[in-house]
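Peer 1: File my_file.tsv below, TSV, C-alpha atoms:
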```
chain	number	residue	atom	x	y	z
A	1	MET	CA	139.38	119.82	107.85
A	2	SER	CA	137.08	120.10	110.83
A	3	SER	CA	133.39	119.28	110.52
A	4	GLU	CA	132.61	122.81	111.71
A	5	THR	CA	133.88	124.24	108.42
A	6	GLY	CA	131.81	121.92	106.25
A	7	PRO	CA	132.52	118.96	103.99
A	8	SER	CA	135.95	118.32	102.55
A	9	GLU	CA	136.57	118.50	98.80
A	10	THR	CA	136.15	114.72	98.67
A	11	GLY	CA	132.89	115.01	100.57
A	12	LEU	CA	131.65	117.69	98.19
A	13	ASP	CA	132.50	115.43	95.24
A	14	GLU	CA	130.58	112.58	96.86
A	15	ILE	CA	127.57	114.83	97.45
A	16	ALA	CA	127.62	116.03	93.83
A	17	GLY	CA	127.85	112.45	92.58
A	18	ALA	CA	124.97	111.33	94.78
A	19	ARG	CA	122.81	114.24	93.61
A	20	ALA	CA	123.54	113.38	89.97
A	21	ILE	CA	122.54	109.75	90.55
A	22	LEU	CA	119.34	110.80	92.31
A	23	ALA	CA	118.49	113.22	89.48
A	24	ASP	CA	118.94	110.41	86.92
A	25	ILE	CA	116.67	108.11	88.92
A	26	GLU	CA	114.03	110.80	89.32
A	27	ASP	CA	114.16	111.64	85.61
A	28	ARG	CA	113.70	107.98	84.69
A	29	HIS	CA	110.67	107.66	86.98
A	30	ARG	CA	109.22	110.93	85.69
A	31	ARG	CA	109.51	109.70	82.10
A	32	GLU	CA	107.92	106.35	82.98
A	33	LEU	CA	105.03	107.82	84.99
A	34	GLY	CA	104.49	111.12	83.22
A	35	ASP	CA	104.89	114.55	84.76
A	36	ASP	CA	101.51	114.76	86.50
A	37	THR	CA	101.64	111.30	88.07
A	38	TYR	CA	105.24	111.77	89.14
A	39	ARG	CA	104.38	115.13	90.75
A	40	VAL	CA	101.61	113.45	92.79
A	41	PHE	CA	103.95	110.60	93.76
A	42	LYS	CA	106.75	112.98	94.79
A	43	SER	CA	104.33	115.09	96.83
A	44	ALA	CA	103.02	112.02	98.66
A	45	LEU	CA	106.53	110.72	99.32
A	46	THR	CA	107.62	114.11	100.65
A	47	ALA	CA	104.59	114.23	102.96
A	48	ILE	CA	105.45	110.78	104.33
A	49	ALA	CA	109.08	111.74	104.88
A	50	ASP	CA	108.14	115.03	106.53
A	51	GLY	CA	105.74	113.21	108.84
A	52	ARG	CA	108.47	110.83	109.92
A	53	ARG	CA	110.79	113.75	110.75
A	54	GLU	CA	108.17	115.30	113.02
A	55	ARG	CA	108.01	112.22	115.26
```
Spell out the structure here as structure tokens.

Peer 2:
Amino acid sequence: MSSETGPSETGLDEIAGARAILADIEDRHRRELGDDTYRVFKSALTAIADGRRER
């Protein structure tokens, strides 16, 4: 399969697995910090990442 048509089935499975792992990690941190604190943390982290992309 060419990269122009998108990820292969294996690639899609890998993406789904990675998203599930990330969701588990985020849920664990959210439970540990509480919803409000986690929301502030996630917002700050997103701002840092967005700033790095603009460079």

Peer 1: To one decimal in Å, tell me the separation between CA of Ala16 (chain A) and CA of Arg28 (chain A).

Peer 2: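 Here the two named atoms are 18.5 Å from each other.
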
Peer 1: Rounded to one decimal place, report the CA of Gly34 (chain A)-CA of Ile21 (chain A) distance in Å.

Peer 2: 19.5 Å

Peer 1: Using CA of Asp50 (chain A) and CA of Arg19 (chain A) as the two end points, give the distance in Å to one decimal.

Peer 2: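 Distance reported for this atom pair: 19.6 Å.
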
Peer 1: Arg39 (chain A): which residues within 12 Å, counting only C-alpha atoms, same-chain residues fewer than 4 positions away excluded, as an NGL selection string?

Peer 2: :A and (26-27 or 29-31 or 33-35 or 43-46)
